[in-house]
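**Student:** Quick one: the structure is below, and I'll ask about it shortly.
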2 protein chains.
Amino acid sequence: MNSAEKLPHPEREDLELTEVLQALSDPTRLALVRELEAGPLDMVDCSALGPDTPKSTRSHQVKVLREAGVIISELHGRNRRLTLRRDDLNARFPGLMAAILSSAEEAG
Amino acid sequence: MNSAEKLPHPEREDLELTEVLQALSDPTRLALVRELEAGPLDMVDCSALGPDTPKSTRSHQVKVLREAGVIISELHGRNRRLTLRRDDLNARFPGLMAAILSSAEEAG
DNA sequence: CCAATAGTTCAACTATTATCGAACCATGAA
DNA sequence: TTCATGGTTCGATAATAGTTGAACTATTGG
């Protein structure tokens, strides 16, 4: 009876700026976060992760974002649903995500 | 007769978000940038770079910030003067530096 | 000109990250 | 219960990033 997580997520107060920046400094992960701006998405539906990318690689990218506290990754049926941790990020680093998400798309 | 640079700096329009984030994702470099918030500083006077740190290491850290477009590094007498590229960063990524610089100090 | 200071560059080394196949695990559907 | 789906984990390897000593450059002061 636990449709929630299983994988560890850092507490809000444990989020570290340098780790968040590091997690977001990768184009693929940044694109994924931009996708999540619109709302939660199942991992399998994230186009940023690319359908060609092997499962293990996708899993790794998501893990980095989760461990940095940028997203929540919870079990949802047989999928994994990804949610941007807006509130936690805004509480800890006010304005950061707004600035990052609103900035121009790279290398389009 | 050239008291200015010599080392290459990227143009404002070439600054890339992921590179900036990467450059700032290191605690030492972030601390240096925080120090530069108050105004330009000669490299030798930057406490963030630590007096124990070898010259080559300090030079490397500064290089990463320069190449990402976060700072300007110009010759100033026999020193190198570091300046935060506030205007360029604000133009390209509005609110980003404000959010980063105002966020709580890490691991204090 | 000579020495000292401040820094760059290079090359070697270390360490951290990323990529990906293979094996495994949980859920939902038939 | 069995199978397909969607993912995790592990281990190996590749790629990238950081650290540092040594040699070199540029500037100031004597």
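Following the order of the structure tokens, chains are lettered A, B, ..., residues in each are numbered from 1, and ligands are numbered from 1.
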Show me a table, sorted first by chain and then by increasing residue number, of the residues of segment 5-90 of chain B having an atom at most 9 Å from segment 6-22 of chain C, each with its shortest atom pair and the distance in Å to one decimal, counting only C-alpha atoms (C1' of nucleotides) and written as CSV.
**Tutor:**
```
residue,atom,partner,partner_atom,distance
B:Met43,CA,C:DA6,C1',8.8
B:Val44,CA,C:DA6,C1',7.6
B:Lys55,CA,C:DG7,C1',7.4
B:Ser56,CA,C:DT8,C1',8.0
B:Ser59,CA,C:DG7,C1',7.3
B:Arg78,CA,C:DA6,C1',6.0
B:Asn79,CA,C:DA6,C1',5.7
B:Arg80,CA,C:DG7,C1',7.6
```
**Student:** Pull out every residue of chain A that has at least one atom within 9 Å of chain B, counting only C-alpha atoms, and report them as a list in words.
**Tutor:**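 Listed by rising number, the hits are Glu16, Leu17, Thr18, Glu19, Val20, Leu21, Gln22, Ala23, Leu24, Ser25, Asp26, Pro27, Leu30, Arg92, Phe93, Pro94, Gly95, Leu96, Met97, Ala98, Ala99, Ile100, Ser102, Ser103, Ala104, Glu105, Glu106 and Ala107 of chain A.
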**Student:** Which RMSD value, in Å, follows from superposing chain A onto chain B on all C-alpha atoms in order by least squares?
**Tutor:**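 Computed value for the CA RMSD is 0.1 Å.
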**Student:** Measuring between only C-alpha atoms (C1' of nucleotides), which one of A:Leu36, A:Leu65, A:Gly77, A:Leu7 shows the shortest distance to DT5 of chain D?
**Tutor:**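 For DT5 of chain D, the nearest of the candidates is A:Gly77.
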**Student:** Determine which residues of chain A receive a DSSP assignment of helix (DSSP H, G or I), computed from the backbone, and state them as a PyMOL selection string.
**Tutor:** chain A and resi 12-14+17-24+27-36+43-45+47-49+55-67+86-92+96-102
**Student:** Would you compute the distance between atom CA of Val64 of chain B and atom C1' of DC24 of chain D? Give it in Å to one decimal.
**Tutor:**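 Separation of atom CA of Val64 of chain B and atom C1' of DC24 of chain D: 21.4 Å.
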**Student:** Nearest to Leu89 of chain B among B:Pro8, B:Pro54, B:Gly69, B:Gly39, with distances taken over only C-alpha atoms: which residue is it?
**Tutor:**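 Of B:Pro8, B:Pro54, B:Gly69, B:Gly39, the one nearest Leu89 of chain B, counting only C-alpha atoms, is B:Gly69.
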**Student:** Leaving out Ala48 of chain A and any residue of its chain fewer than 3 positions from it, which residues lie within 7 Å of it when counting only C-alpha atoms (C1' of nucleotides), given as a list in words?
**Tutor:**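 The residues satisfying every condition are Thr28, Ala31 and Leu32 of chain A.
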**Student:** Select residues of chain D: the criterion is any atom within 8 Å of an atom of chain A, counting only C-alpha atoms (C1' of nucleotides); output as a PyMOL selection string.
**Tutor:** chain D and resi 5-8
**Student:** Which residues come within 9 Å of Val62 of chain B, counting only C-alpha atoms (C1' of nucleotides), excluding same-chain residues fewer than 4 positions away, as number ranges by chain?
**Tutor:** B: 29, 32, 43, 57-58, 66-67, 71, 73, 82
**Student:** In Å, how far is it from atom CA of Leu49 of chain B to atom CA of Glu13 of chain B?
**Tutor:**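 The value is 28.5 Å.
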**Student:** As a list in words, please: the residues near Glu35 of chain B (cut-off 9 Å, only C-alpha atoms (C1' of nucleotides), same-chain neighbours under 6 positions excluded).
**Tutor:**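 Everything that qualifies: Leu41, Cys46, Ser47 and Ala48 of chain B.
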**Student:** When you count only C-alpha atoms (C1' of nucleotides), which of these residues is closest to chain C: A:Asp88, A:Glu37, A:Thr83, A:Lys6?
**Tutor:** A:Lys6
**Student:** Could you pull out all residues of chain A with a DSSP call of strand (DSSP E) and give them as a list of chain:residue names?
**Tutor:**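 For chain A, the strand (DSSP E) set is A:Leu41, A:Asp42, A:Ile71, A:Ile72, A:Ser73, A:Glu74, A:Leu75, A:His76, A:Asn79, A:Arg80, A:Arg81, A:Leu82, A:Thr83, A:Leu84.
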**Student:** Counting only C-alpha atoms (C1' of nucleotides), which residue out of A:Gln61, A:Asp45, A:Val70, A:Arg81 sits closest to chain C?
**Tutor:**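 Closest residue, counting only C-alpha atoms (C1' of nucleotides): A:Gln61.
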**Student:** Please report the interatomic distance between atom CA of His9 of chain A and atom CA of Arg85 of chain A in Å with one decimal.
**Tutor:**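 One can read the atom CA of His9 of chain A to atom CA of Arg85 of chain A distance as 10.6 Å.
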